[in-house]
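Below is one structure; the comments refer to it alone.
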Amino acid sequence: MAAVLAADVAGYSRLMAADEVGTLAALKACRREIIDPAIAVHKGRMVKTTGDGMLVEFASAVDAVTCAVAVQEKMGERAAGGSEPRIEFRVGINVGDIIFDGDDIFGDGVNVAARVENECEPGRVYLSDDAYRQVRGKTAHAFVDLGERSLKNIDRPVVIYEVCSAHSATVDIRPPASSGKPLSLPDRPSIAVLPFRNMSGDPEQEYFADGMVEDIITALSRFKSLFVIARNSSFTYKGKPIDIKKVGRELGVRYVLEGSVRKSGKRVRITGQLIEAATDRHLWADNFDGALEEVFDLQDQVTSSVVSLIAPRLELAEIERTKSKPTERLDSYDFYLRGTALFYQKALVEAELQFRKAIERDQDYAAAYAMAAFMLQRRQADSGVPLNVECQTEAIALARRGAKLANDDAFTLARCGHILTYLGHDYDCGISLVEQAITVNPNLGMAWYSLGWVALMCGRFERSIQGFDRMIRLSPLDPYRAHAWAGSSFAFFFLERYEEGCALATKAVQFSADAHQLAAYILNSLGAGRTREAQEAARQFLKLQPEFRASDARTLFPVRLSEAQTRMVAAFKAAGVPA
């Protein structure tokens, strides 16, 4: 019996095609600086490497998991630092029988590890059920039950678990496995736009291709007669083999748009093909070529072509109304796209710099103001440490400027409303802006997410739950869905519906046990009379936020109603958080 770790590089063929020498050099550096030292520290043995993959044996499953998470965290730091090419590993771990043949190993333990790794998403660590039973309760990591999978050449179904961040302390609760049932189709034409392939021959242009897709998603979402899946869910398929029928089932849509972007010098080509998800039938394909300065017109052409096929009865006036040009300055737009890419890589400081550069070149670029302010807000929300007065004042000023310039830009209205509520405590202005965003674009998942939090802070708890529910349907695979569950859980606490709050907080904690998720669990567990669970969650919470005091809840969870704030502070104290 042994713990077996199987890993490979996600998108290895694509990386090698783009830059063979650079990819091999980066892999060697990762081995030398990150992987080999981690294996040595955690008492593992490298069995073999296979170009882009490796097989490692451990005597202990705990050592295997701890090593894997340490490697993935270091790889994440490397990527956040802008290292190219971007190397991401997929890791699968199993515990089972192995057979030694010289220095090599074989057997069921190895086969299952390799198949679990095949299921893994880039940058993650997945465990078989046998490995999970060996580590549960023995590490500080949270585990998410991903449900039962049928693995190739394995004669039994295997339940797979994902390891959450090593920084995510956890309350030891196992949520029910996902039912795996397909989402029902909306009563409107529904579409998901998958990430377009970057055909520029330059991995550096990945941000540009992603930006094109995000703009097309936003343009489609402005049509109130369509149902459009949010960017955060459609981009979970980036870099993976695509099964269109599966995408349709998982996202609950009738149509899928995929394509590619090629940027060469001052020219841009966008290709697109529209597919009916249930049948995998291609309905349309076309190319759109033009000069770089015509990029917004090209996006509009793609959008109009798709709309004319899936909703042909739309009026031309509505199509014209949805067209917009965020800026006249292409250099400003380019900096904005770079900032957006860095934001999704969680490089907030670098992203903020790019958004500020976008503002320097176009001082009327509303969305750039909103995103620069949002980077400052994320510092407080992610760290749990309040911003200093200077940063807070600057974020509020940026958001006010963005809101003033927004016109009918739902994205900017929602972002600015969220910031002005959370940091500025301007509740009336905040709720007005996010409600306006929903009216302008009821398809924008991010706007519903902001509405959920803003309505919560304003004391409109039923509206908050409605916002979060709508966001999750528009973006069913969204990485932020755990935050949405936590937000609804807070609302249930204030409504004194503690059992419903506990159920959602449990899901949130197992998915991503950060301070917000644990706080929601503490409050509802205490309300439901589960004092021991609340106290255990409070201990985990204080490991993440050792300087937190119960009175800090008024700042980090700024609910408008004073009685609601008093209830929060009292609950934290009762759970053992210092006053």
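Just so we're on the same page: first chain in the structure tokens is A, next is B, and so on; residues restart at 1 for each chain, and ligands are numbered from 1 in the order they show up.
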
### Task
With a distance cut-off of 9 Å and only C-alpha atoms, select the neighbouring residues of Glu394 (chain A), excluding the residue or stretch itself and same-chain residues fewer than 4 positions from it, and output the selection as a list in words.
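Neighbouring residues, sequence-local ones excluded: Ala373, Leu376, Val389, Glu390, Leu398 and Ala399 of chain A.
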
Please produce a file of those selected residues containing N, CA and C atoms, as a PDB file, in the first residue's frame.
```pdb
ATOM      1  N   ALA A 373     -10.808  51.139  -8.640  1.00  0.00           N
ATOM      2  CA  ALA A 373     -11.381  51.208  -7.293  1.00  0.00           C
ATOM      3  C   ALA A 373     -11.642  49.813  -6.734  1.00  0.00           C
ATOM      4  N   LEU A 376      -8.743  48.105  -5.038  1.00  0.00           N
ATOM      5  CA  LEU A 376      -8.539  48.561  -3.660  1.00  0.00           C
ATOM      6  C   LEU A 376      -9.544  47.898  -2.725  1.00  0.00           C
ATOM      7  N   VAL A 389      -6.920  55.122   5.596  1.00  0.00           N
ATOM      8  CA  VAL A 389      -7.824  56.207   5.211  1.00  0.00           C
ATOM      9  C   VAL A 389      -7.514  56.703   3.802  1.00  0.00           C
ATOM     10  N   GLU A 390      -6.240  56.792   3.444  1.00  0.00           N
ATOM     11  CA  GLU A 390      -5.850  57.304   2.133  1.00  0.00           C
ATOM     12  C   GLU A 390      -6.371  56.406   1.018  1.00  0.00           C
ATOM     13  N   LEU A 398     -12.543  57.266  -6.942  1.00  0.00           N
ATOM     14  CA  LEU A 398     -12.526  56.580  -8.235  1.00  0.00           C
ATOM     15  C   LEU A 398     -13.905  56.043  -8.584  1.00  0.00           C
ATOM     16  N   ALA A 399     -14.581  55.451  -7.591  1.00  0.00           N
ATOM     17  CA  ALA A 399     -15.916  54.889  -7.850  1.00  0.00           C
ATOM     18  C   ALA A 399     -16.919  55.977  -8.184  1.00  0.00           C
TER      19      ALA A 399
END
```

#### Entry: All residues 7 Å or closer to region 187-202 of chain A, only C-alpha atoms, same chain fewer than 2 positions away omitted, as a ChimeraX atom specification
/A:18,185,204-206,209-210,213,217,225-229,234-235,238,253-264,310-311

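The space between CA of Leu337 (chain A) and CA of Tyr207 (chain A) spans 6.3 Å.
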
### Query
What are the DSSP alpha helix (DSSP H) residues of region 167-411 of chain A, as a PyMOL selection string?
chain A and resi 206-221+231-234+244-251+295-310+316-322+330-344+348-361+366-383+389-405+410-411

### Task
May I ask for the distance between CA of Lys74 (chain A) and CA of Met1 (chain A), given in Å to one decimal place?
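Rounded to one decimal, the two atoms are 28.8 Å apart.
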
### Query
Which value, in Å to one decimal, gives the distance between CA of Ile34 (chain A) and CA of Ser83 (chain A)?
13.8 Å

### Message
Please list as a list in words every residue within 7 Å of region 42-57 of chain A, counting only C-alpha atoms and excluding residues in the same chain fewer than 5 positions away.
### Response
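That gives Ala2, Ala3, Val4, Leu5, Ala6, Ala7, Asp8, Val9, Tyr12, Asp63, Cys67, Asp103 and Asp104 of chain A.
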
#### Entry: Nearest residue to Phe208 (chain A) from the set A:Ile465, A:Leu330, A:Met371, A:Ala520 (distances using only C-alpha atoms)
A:Leu330

### Query
Of the candidates A:Leu127, A:Leu24, A:Ile270, A:Ile396, which one gets nearest to Ala64 (chain A) if we count only C-alpha atoms?
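Residue with the minimum atom-to-atom distance to Ala64 (chain A): A:Leu127.
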
### Message
Considering only C-alpha atoms, can you say which of A:Gln565, A:Gln377, A:Gln540, A:Gln392 comes closest to Arg415 (chain A)?
### Response
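Checking each candidate against Arg415 (chain A), we get A:Gln377 as the closest.
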
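Of the listed residues (A:Ala230, A:Gly265, A:Asp280, A:Leu456), A:Asp280 comes nearest to Asp243 (chain A); the distances count only C-alpha atoms.
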
### Task
Going by DSSP on the backbone, which bits of region 270-445 of chain A are strand (DSSP E or B)? Write them as a list in words, please.
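The residues of region 270-445 of chain A classed as strand (DSSP E or B) are Ile270, Thr271, Gly272, Gln273, Leu274, Ile275, Glu276, Arg281, His282, Leu283, Trp284, Ala285, Asp286, Asn287, Phe288, Asp289, Gly290 and Ala291 of chain A.
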
### Residue contacts of Gly82 (chain A) (10 Å, only C-alpha atoms) excluding same-chain residues fewer than 2 positions away, as a list of chain:residue names
A:Glu77, A:Arg78, A:Ala79, A:Ala80, A:Glu84, A:Pro85, A:Arg86, A:Leu342, A:Gln345, A:Ala347, A:Glu350

### For Arg497 (chain A), the nearest of the candidates A:Glu462, A:Asp155, A:Asp36, A:Asp289, counting only C-alpha atoms
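Answer, going by the shortest atom-to-atom distance: A:Glu462.
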
### Nearest-residue call for Asp19 (chain A), choices A:Pro203, A:Asp469, A:Asp478, A:Asp97, using only C-alpha atoms
A:Pro203

Residue neighbourhood Asp334 (chain A), 12 Å, only C-alpha atoms, exclusion window fewer than 2 positions, as a PDB file with C-alpha atoms, in the first residue's frame:
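So the final result, stored in out_13.pdb, reads:
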```
ATOM      1  CA  GLN A 205      -1.673  37.973 -26.680  1.00  0.00           C
ATOM      2  CA  GLU A 206      -3.829  35.628 -24.583  1.00  0.00           C
ATOM      3  CA  TYR A 207      -5.181  38.618 -22.660  1.00  0.00           C
ATOM      4  CA  PHE A 208      -6.366  40.182 -25.937  1.00  0.00           C
ATOM      5  CA  ALA A 209      -8.277  37.067 -27.050  1.00  0.00           C
ATOM      6  CA  ASP A 210      -9.890  36.757 -23.609  1.00  0.00           C
ATOM      7  CA  GLY A 211     -10.848  40.420 -23.690  1.00  0.00           C
ATOM      8  CA  MET A 212     -12.545  40.008 -27.055  1.00  0.00           C
ATOM      9  CA  LEU A 292      -7.079  46.999 -35.172  1.00  0.00           C
ATOM     10  CA  GLU A 293      -8.879  50.319 -34.775  1.00  0.00           C
ATOM     11  CA  VAL A 295     -12.010  45.970 -33.315  1.00  0.00           C
ATOM     12  CA  PRO A 326     -15.935  51.864 -24.180  1.00  0.00           C
ATOM     13  CA  THR A 327     -13.145  54.210 -25.284  1.00  0.00           C
ATOM     14  CA  GLU A 328     -11.834  55.943 -28.400  1.00  0.00           C
ATOM     15  CA  ARG A 329      -8.261  55.148 -27.365  1.00  0.00           C
ATOM     16  CA  LEU A 330      -6.974  51.688 -28.336  1.00  0.00           C
ATOM     17  CA  ASP A 331      -3.931  52.032 -26.079  1.00  0.00           C
ATOM     18  CA  SER A 332      -6.235  52.692 -23.124  1.00  0.00           C
ATOM     19  CA  TYR A 336      -7.699  47.729 -19.553  1.00  0.00           C
ATOM     20  CA  LEU A 337      -7.603  44.231 -21.077  1.00  0.00           C
ATOM     21  CA  ARG A 338      -4.208  43.582 -19.489  1.00  0.00           C
ATOM     22  CA  GLY A 339      -5.552  44.704 -16.119  1.00  0.00           C
ATOM     23  CA  THR A 340      -8.566  42.431 -16.442  1.00  0.00           C
ATOM     24  CA  ALA A 341      -6.343  39.435 -17.209  1.00  0.00           C
ATOM     25  CA  GLN A 354      -2.805  48.663 -15.654  1.00  0.00           C
ATOM     26  CA  PHE A 355      -6.212  50.196 -14.939  1.00  0.00           C
ATOM     27  CA  LYS A 357      -2.573  53.475 -17.097  1.00  0.00           C
ATOM     28  CA  ALA A 358      -5.864  53.081 -18.962  1.00  0.00           C
ATOM     29  CA  ILE A 359      -7.243  56.107 -17.085  1.00  0.00           C
ATOM     30  CA  ARG A 361      -4.718  57.685 -21.570  1.00  0.00           C
ATOM     31  CA  ASP A 362      -8.492  58.187 -21.456  1.00  0.00           C
ATOM     32  CA  ALA A 368     -11.281  51.640 -15.830  1.00  0.00           C
TER      33      ALA A 368
END
```

#### Entry: Contact residues around His483 (chain A) with only C-alpha atoms at 12 Å, ignoring same-chain residues under 6 positions, as a list in words
Ala381, Asp382, Tyr449, Ser450, Gly452, Trp453, Phe468, Asp469, Met471, Ile472, Ser489, Phe490, Leu504, Ala505, Thr506, Lys507, Ala508, Val509, Gln510, Phe511, Ser512, Ala513, Asp514, Ala515, His516, Gln517, Leu518, Ala519 and Ala520 of chain A

I need the residues from that last selection saved to file as a JSON list (two decimals), in the first residue's frame (with N, CA and C atoms), if you can.
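Result saved to selection_28.json:
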```json
[["chain", "number", "residue", "atom", "x", "y", "z"],
["A", 381, "ALA", "N", -11.39, 43.23, 1.32],
["A", 381, "ALA", "CA", -12.28, 42.07, 1.38],
["A", 381, "ALA", "C", -11.49, 40.76, 1.46],
["A", 382, "ASP", "N", -10.38, 40.66, 0.72],
["A", 382, "ASP", "CA", -9.60, 39.42, 0.69],
["A", 382, "ASP", "C", -8.74, 39.24, 1.93],
["A", 449, "TYR", "N", -24.68, 39.73, -8.56],
["A", 449, "TYR", "CA", -23.79, 39.45, -7.42],
["A", 449, "TYR", "C", -23.61, 40.71, -6.58],
["A", 450, "SER", "N", -23.33, 41.84, -7.23],
["A", 450, "SER", "CA", -23.19, 43.10, -6.49],
["A", 450, "SER", "C", -24.50, 43.47, -5.80],
["A", 452, "GLY", "N", -26.67, 41.41, -4.65],
["A", 452, "GLY", "CA", -26.80, 40.57, -3.46],
["A", 452, "GLY", "C", -26.10, 41.16, -2.26],
["A", 453, "TRP", "N", -24.85, 41.61, -2.46],
["A", 453, "TRP", "CA", -24.08, 42.16, -1.34],
["A", 453, "TRP", "C", -24.59, 43.54, -0.92],
["A", 468, "PHE", "N", -28.36, 36.82, -5.25],
["A", 468, "PHE", "CA", -27.37, 35.75, -5.29],
["A", 468, "PHE", "C", -27.88, 34.53, -6.06],
["A", 469, "ASP", "N", -29.17, 34.20, -5.89],
["A", 469, "ASP", "CA", -29.73, 33.07, -6.64],
["A", 469, "ASP", "C", -29.68, 33.32, -8.14],
["A", 471, "MET", "N", -27.61, 35.32, -9.74],
["A", 471, "MET", "CA", -26.22, 35.29, -10.18],
["A", 471, "MET", "C", -25.76, 33.87, -10.43],
["A", 472, "ILE", "N", -26.11, 32.94, -9.54],
["A", 472, "ILE", "CA", -25.65, 31.55, -9.68],
["A", 472, "ILE", "C", -26.30, 30.88, -10.90],
["A", 489, "SER", "N", -26.26, 33.20, 3.07],
["A", 489, "SER", "CA", -26.23, 32.68, 4.43],
["A", 489, "SER", "C", -26.29, 33.81, 5.46],
["A", 490, "PHE", "N", -25.57, 34.90, 5.20],
["A", 490, "PHE", "CA", -25.68, 36.09, 6.07],
["A", 490, "PHE", "C", -27.12, 36.58, 6.10],
["A", 504, "LEU", "N", -26.34, 26.56, 3.51],
["A", 504, "LEU", "CA", -25.56, 27.28, 2.50],
["A", 504, "LEU", "C", -24.15, 27.58, 2.98],
["A", 505, "ALA", "N", -23.99, 27.92, 4.26],
["A", 505, "ALA", "CA", -22.66, 28.21, 4.79],
["A", 505, "ALA", "C", -21.78, 26.96, 4.75],
["A", 506, "THR", "N", -22.39, 25.79, 4.97],
["A", 506, "THR", "CA", -21.65, 24.54, 4.88],
["A", 506, "THR", "C", -21.09, 24.34, 3.48],
["A", 507, "LYS", "N", -21.92, 24.56, 2.46],
["A", 507, "LYS", "CA", -21.45, 24.46, 1.07],
["A", 507, "LYS", "C", -20.32, 25.45, 0.82],
["A", 508, "ALA", "N", -20.49, 26.66, 1.32],
["A", 508, "ALA", "CA", -19.50, 27.70, 1.07],
["A", 508, "ALA", "C", -18.17, 27.36, 1.73],
["A", 509, "VAL", "N", -18.21, 26.88, 2.96],
["A", 509, "VAL", "CA", -16.98, 26.54, 3.70],
["A", 509, "VAL", "C", -16.23, 25.42, 3.02],
["A", 510, "GLN", "N", -16.95, 24.41, 2.55],
["A", 510, "GLN", "CA", -16.28, 23.29, 1.91],
["A", 510, "GLN", "C", -15.70, 23.67, 0.56],
["A", 511, "PHE", "N", -16.30, 24.65, -0.10],
["A", 511, "PHE", "CA", -15.80, 25.08, -1.39],
["A", 511, "PHE", "C", -14.59, 25.99, -1.24],
["A", 512, "SER", "N", -14.64, 26.92, -0.31],
["A", 512, "SER", "CA", -13.56, 27.89, -0.16],
["A", 512, "SER", "C", -13.68, 28.53, 1.21],
["A", 513, "ALA", "N", -12.97, 27.97, 2.20],
["A", 513, "ALA", "CA", -13.18, 28.38, 3.58],
["A", 513, "ALA", "C", -12.36, 29.62, 3.94],
["A", 514, "ASP", "N", -12.75, 30.79, 3.39],
["A", 514, "ASP", "CA", -12.07, 32.00, 3.79],
["A", 514, "ASP", "C", -12.86, 32.68, 4.91],
["A", 515, "ALA", "N", -12.45, 33.89, 5.27],
["A", 515, "ALA", "CA", -13.05, 34.53, 6.44],
["A", 515, "ALA", "C", -14.55, 34.77, 6.27],
["A", 516, "HIS", "N", -15.00, 35.19, 5.08],
["A", 516, "HIS", "CA", -16.42, 35.45, 4.88],
["A", 516, "HIS", "C", -17.24, 34.17, 5.03],
["A", 517, "GLN", "N", -16.76, 33.08, 4.44],
["A", 517, "GLN", "CA", -17.50, 31.83, 4.52],
["A", 517, "GLN", "C", -17.57, 31.32, 5.97],
["A", 518, "LEU", "N", -16.44, 31.37, 6.67],
["A", 518, "LEU", "CA", -16.42, 30.91, 8.06],
["A", 518, "LEU", "C", -17.29, 31.81, 8.94],
["A", 519, "ALA", "N", -17.28, 33.11, 8.69],
["A", 519, "ALA", "CA", -18.11, 34.02, 9.48],
["A", 519, "ALA", "C", -19.59, 33.67, 9.32],
["A", 520, "ALA", "N", -20.01, 33.40, 8.08],
["A", 520, "ALA", "CA", -21.40, 33.02, 7.84],
["A", 520, "ALA", "C", -21.75, 31.73, 8.58]]
```

### Message
Give me, as a VMD selection string, all polymer residues having an atom no more than 12 Å from region 533-536 of chain A, counting only C-alpha atoms and skipping those fewer than 4 positions away in the same chain.
### Response
chain A and resid 169 to 173 502 505 to 506 518 to 529 540 to 543 571 to 578
